[in-house]
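One file, data.txt, carrying compact mmCIF, C-alpha atoms:
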# COMPACT_ATOMS: atom_id res chain seq x y z
CA MET X 1 0.00 0.00 0.00
CA ALA X 2 1.20 3.38 -0.84
CA THR X 3 1.00 6.03 1.77
CA ALA X 4 -0.24 9.35 0.71
CA ALA X 5 1.76 12.41 1.61
CA PRO X 6 0.01 14.61 4.11
CA ALA X 7 -1.82 17.39 2.49
CA LYS X 8 -0.35 20.86 2.92
CA ALA X 9 -2.57 23.58 4.15
CA LEU X 10 -3.54 25.93 1.38
CA ALA X 11 -3.96 29.65 1.63
CA PRO X 12 -7.17 31.24 0.38
CA ASN X 13 -5.51 31.99 -2.99
CA GLY X 14 -4.57 28.33 -3.42
CA ALA X 15 -0.83 28.65 -2.68
CA PRO X 16 0.71 26.60 0.12
CA GLU X 17 0.72 28.46 3.48
CA LYS X 18 4.16 29.42 4.89
CA LYS X 19 5.01 29.31 8.59
CA PRO X 20 6.89 32.24 10.13
CA GLY X 21 9.93 30.12 11.18
CA LEU X 22 12.80 31.96 12.94
CA LEU X 23 12.06 35.42 11.60
CA VAL X 24 9.56 36.50 14.27
CA PRO X 25 11.58 35.25 17.31
CA LEU X 26 14.75 36.84 15.87
CA LEU X 27 12.94 40.16 15.42
CA VAL X 28 11.59 40.01 18.99
CA VAL X 29 15.05 39.26 20.45
CA THR X 30 16.58 42.12 18.41
CA LEU X 31 13.97 44.59 19.67
CA LEU X 32 14.50 43.42 23.27
CA ALA X 33 18.28 43.85 22.92
CA LEU X 34 17.78 47.33 21.45
CA ALA X 35 15.52 48.38 24.31
CA ALA X 36 17.88 46.95 26.94
CA GLY X 37 20.89 48.67 25.37
CA ALA X 38 19.12 52.02 25.21
CA GLY X 39 17.99 51.73 28.82
CA LEU X 40 21.48 50.78 30.02
CA GLY X 41 23.03 53.65 27.98
CA LEU X 42 20.67 56.21 29.51
CA GLN X 43 21.35 54.89 33.02
CA LEU X 44 25.15 55.01 32.52
CA ALA X 45 24.98 58.51 31.02
CA GLY X 46 23.02 59.71 34.06
CA THR X 47 25.52 58.09 36.44
CA VAL X 48 28.51 59.69 34.67
CA GLU X 49 26.80 63.09 34.66
CA GLN X 50 26.12 62.84 38.40
CA ALA X 51 29.73 61.84 39.12
CA VAL X 52 31.13 64.75 37.10
CA THR X 53 28.74 67.23 38.74
CA LYS X 54 29.71 65.95 42.18
CA LYS X 55 33.44 66.19 41.41
CA VAL X 56 33.14 69.73 40.05
CA ALA X 57 31.16 70.80 43.12
CA THR X 58 33.75 69.40 45.56
CA GLU X 59 36.77 70.73 43.65
CA PRO X 60 38.32 73.86 45.19
CA GLU X 61 38.31 77.02 43.11
CA LYS X 62 41.55 77.40 41.18
CA LYS X 63 43.54 80.58 41.60
CA PRO X 64 44.97 82.20 38.49
CA ALA X 65 48.58 81.26 37.85
CA PRO X 66 51.09 83.89 38.91
CA PRO X 67 53.23 85.47 36.21
CA LEU X 68 56.03 83.23 35.07
CA ARG X 69 59.15 83.97 37.09
CA HIS X 70 62.31 82.07 37.73
CA SER X 71 63.49 81.52 41.29
CA GLY X 72 64.32 84.63 43.23
CA ASP X 73 63.67 88.03 41.75
CA LEU X 74 64.23 87.12 38.10
CA ALA X 75 61.83 88.12 35.34
CA LEU X 76 61.10 86.65 31.92
CA LYS X 77 60.42 88.82 28.86
CA ASP X 78 59.30 87.23 25.58
CA LEU X 79 60.83 88.56 22.39
CA LYS X 80 58.77 88.96 19.25
CA PRO X 81 59.42 86.19 16.69
CA VAL X 82 62.35 86.69 14.33
CA VAL X 83 61.94 85.48 10.73
CA VAL X 84 64.95 85.90 8.42
CA ASN X 85 66.62 84.13 5.54
CA LEU X 86 69.95 82.39 6.06
CA ALA X 87 73.17 83.34 4.29
CA ALA X 88 73.39 80.04 2.44
CA PRO X 89 71.15 78.94 0.82
CA SER X 90 69.41 82.29 0.69
CA SER X 91 66.03 80.68 -0.06
CA THR X 92 66.03 79.03 3.39
CA PHE X 93 64.18 80.89 6.13
CA ILE X 94 64.44 80.50 9.88
CA ARG X 95 61.97 81.50 12.58
CA VAL X 96 63.21 81.98 16.14
CA GLU X 97 61.07 82.62 19.20
CA ALA X 98 63.01 83.45 22.36
CA ALA X 99 62.76 85.02 25.79
CA ILE X 100 65.25 86.79 28.02
CA VAL X 101 65.78 86.23 31.74
CA PHE X 102 66.96 89.17 33.84
CA LYS X 103 66.85 90.41 37.41
CA ASN X 104 63.91 92.63 38.32
CA GLY X 105 64.97 96.25 38.05
CA ALA X 106 68.27 95.44 36.28
CA LEU X 107 66.98 96.71 32.94
CA VAL X 108 65.74 100.29 32.84
CA ASN X 109 63.38 99.51 29.97
CA PRO X 110 63.03 95.79 29.19
CA ASP X 111 61.03 96.49 26.00
CA VAL X 112 63.88 98.51 24.48
CA THR X 113 66.43 95.86 25.44
CA ALA X 114 64.19 93.15 23.97
CA ALA X 115 63.92 95.08 20.68
CA GLU X 116 67.70 95.55 20.54
CA LEU X 117 68.27 91.85 21.21
CA ARG X 118 65.74 90.90 18.57
CA GLU X 119 67.56 93.08 16.06
CA ASP X 120 70.89 91.53 17.07
CA ILE X 121 69.48 88.00 16.70
CA MET X 122 68.18 88.92 13.26
CA ALA X 123 71.59 90.22 12.14
CA TYR X 124 73.37 87.14 13.53
CA MET X 125 70.99 84.66 11.89
CA ARG X 126 71.55 86.29 8.50
CA THR X 127 75.24 85.33 8.74
CA LEU X 128 74.58 81.62 9.31
CA ALA X 129 74.63 78.88 6.71
CA LEU X 130 72.25 75.94 6.87
CA SER X 131 75.20 73.60 7.48
CA GLN X 132 75.89 75.42 10.78
CA LEU X 133 72.45 74.41 12.04
CA GLU X 134 72.80 70.71 11.20
CA GLY X 135 73.96 68.03 13.58
CA PRO X 136 73.40 67.20 17.23
CA SER X 137 75.51 69.98 18.72
CA ALA X 138 74.34 72.77 16.41
CA LEU X 139 71.49 73.86 18.68
CA GLN X 140 73.80 74.01 21.69
CA HIS X 141 76.31 76.15 19.78
CA LEU X 142 73.52 78.45 18.59
CA ARG X 143 72.24 78.85 22.16
CA GLU X 144 75.72 79.68 23.44
CA ASP X 145 76.36 82.22 20.67
CA LEU X 146 73.02 83.95 21.22
CA ASN X 147 73.55 84.01 25.00
CA GLU X 148 76.94 85.66 24.54
CA ARG X 149 75.44 88.27 22.22
CA ALA X 150 72.57 88.95 24.66
CA ARG X 151 74.97 89.47 27.57
CA ALA X 152 77.24 91.70 25.49
CA ARG X 153 74.33 93.80 24.16
CA SER X 154 72.86 94.31 27.66
CA ASP X 155 76.20 94.86 29.46
CA GLY X 156 75.72 91.62 31.40
CA LYS X 157 72.24 92.53 32.70
CA VAL X 158 70.55 89.68 30.78
CA ASP X 159 71.23 86.38 32.55
CA GLU X 160 70.06 84.06 29.78
CA LEU X 161 68.38 83.97 26.39
CA ILE X 162 65.99 81.04 26.15
CA LEU X 163 65.08 79.62 22.73
CA SER X 164 61.47 78.47 22.78
CA THR X 165 60.98 77.73 19.07
CA LEU X 166 63.36 77.27 16.16
CA VAL X 167 61.96 76.41 12.74
CA VAL X 168 64.03 76.12 9.56
CA GLN X 169 62.16 76.07 6.27
Output the structure of this file as structure tokens.
Amino acid sequence: MATAAPAKALAPNGAPEKKPGLLVPLLVVTLLALAAGAGLGLQLAGTVEQAVTKKVATEPEKKPAPPLRHSGDLALKDLKPVVVNLAAPSSTFIRVEAAIVFKNGALVNPDVTAAELREDIMAYMRTLALSQLEGPSALQHLREDLNERARARSDGKVDELILSTLVVQ
């Protein structure tokens, strides 16, 4: 005897009816995960915000930083940037930003001394070749030369010339 295959349920239009399978449970799990993630994110954001607010409230008020001074009664005066071309190759430019350190009251007018030193740095840099700025000890030699010139120009009233930026282009 031959067994007949069970009859499939037919939809009203005559096509076989399809069962939802894994699509509906997968969609439900995805929506639950989305809702749980959003809820956890909102809770964590609120917790972080409360912690930051609490820390800011308990933090003491910061005082403004005092003007930059070296130990003792020394003062620091920034020089305006110096941009000049080198002697060789003449198409190479150098930018130097520096500051001078001196004792308070030693310079009658620090602005005038700073302008004179800036002019002296500019004249000195125009005599340099690019090869004099290459190598590991070149920066040290440049610092020493500029310090000597600063002391000579100010009659020993400038303690040190500090190079803050040196760019060769």
Once you count all atoms listed in the file, what closest atom pair and distance in Å to one decimal does each residue of stretch 98-127 of chain X within 8 Å of stretch 72-90 of chain X have, with rows by chain and rising residue number, as a Markdown table?
| residue | atom | partner | partner_atom | distance |
| --- | --- | --- | --- | --- |
| X:Ala98 | CA | X:Leu79 | CA | 5.6 |
| X:Ala99 | CA | X:Asp78 | CA | 4.1 |
| X:Ile100 | CA | X:Lys77 | CA | 5.3 |
| X:Val101 | CA | X:Leu76 | CA | 4.7 |
| X:Phe102 | CA | X:Ala75 | CA | 5.4 |
| X:Lys103 | CA | X:Leu74 | CA | 4.3 |
| X:Asn104 | CA | X:Leu74 | CA | 5.5 |
| X:Pro110 | CA | X:Lys77 | CA | 7.4 |
| X:Ala114 | CA | X:Leu79 | CA | 5.9 |
| X:Ala115 | CA | X:Leu79 | CA | 7.4 |
| X:Arg118 | CA | X:Leu79 | CA | 6.6 |
| X:Ile121 | CA | X:Val82 | CA | 7.6 |
| X:Met122 | CA | X:Val82 | CA | 6.3 |
| X:Met125 | CA | X:Leu86 | CA | 6.3 |
| X:Arg126 | CA | X:Leu86 | CA | 4.9 |
| X:Thr127 | CA | X:Ala87 | CA | 5.3 |
Considering all atoms listed in the file, return as a compact mmCIF listing (two decimals) with C-alpha atoms, keeping the file's coordinate frame whatever protein or nucleic-acid residues lie within 8 Å of X:Asp120, sequence-local ones (same chain, fewer than 4 positions apart) excluded.
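Now in part_3.txt:
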# COMPACT_ATOMS: atom_id res chain seq x y z
CA GLU X 116 67.70 95.55 20.54
CA TYR X 124 73.37 87.14 13.53
CA ARG X 149 75.44 88.27 22.22
Atom CA of X:Glu134 sits from atom CA of X:Leu166 at a separation of 12.5 Å
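Atom CA of X:Asp145 sits 23.5 Å away from atom CA of X:Asn109.
Distances to X:Leu107 were evaluated for X:Arg153, X:Lys54, X:Val24, X:Gln43 using only C-alpha atoms, and the minimum falls at X:Arg153.
Taking only C-alpha atoms into account, X:Val158 lies nearest to X:Thr113 out of the set X:Ser137, X:Gln50, X:Ser131, X:Thr113.
A straight line drawn from atom CA of X:Gly21 to atom CA of X:Ala35 is 23.2 Å long.
For the choices X:Ala51, X:Ala38, X:Val168, X:Leu32, the atom-to-atom distance to X:Gln132 is smallest for X:Val168 when using all atoms listed in the file.
Each of X:Val56, X:Ala106, X:Val112, X:Leu117 was checked against X:Lys157 using all atoms listed in the file; the smallest atom-to-atom distance is that of X:Ala106.
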List the residues sitting within 8 Å of (65.7, 79.6, 21.0) in the file's frame, using only C-alpha atoms, as a VMD selection string.
chain X and resid 96 to 99 143 161 to 166
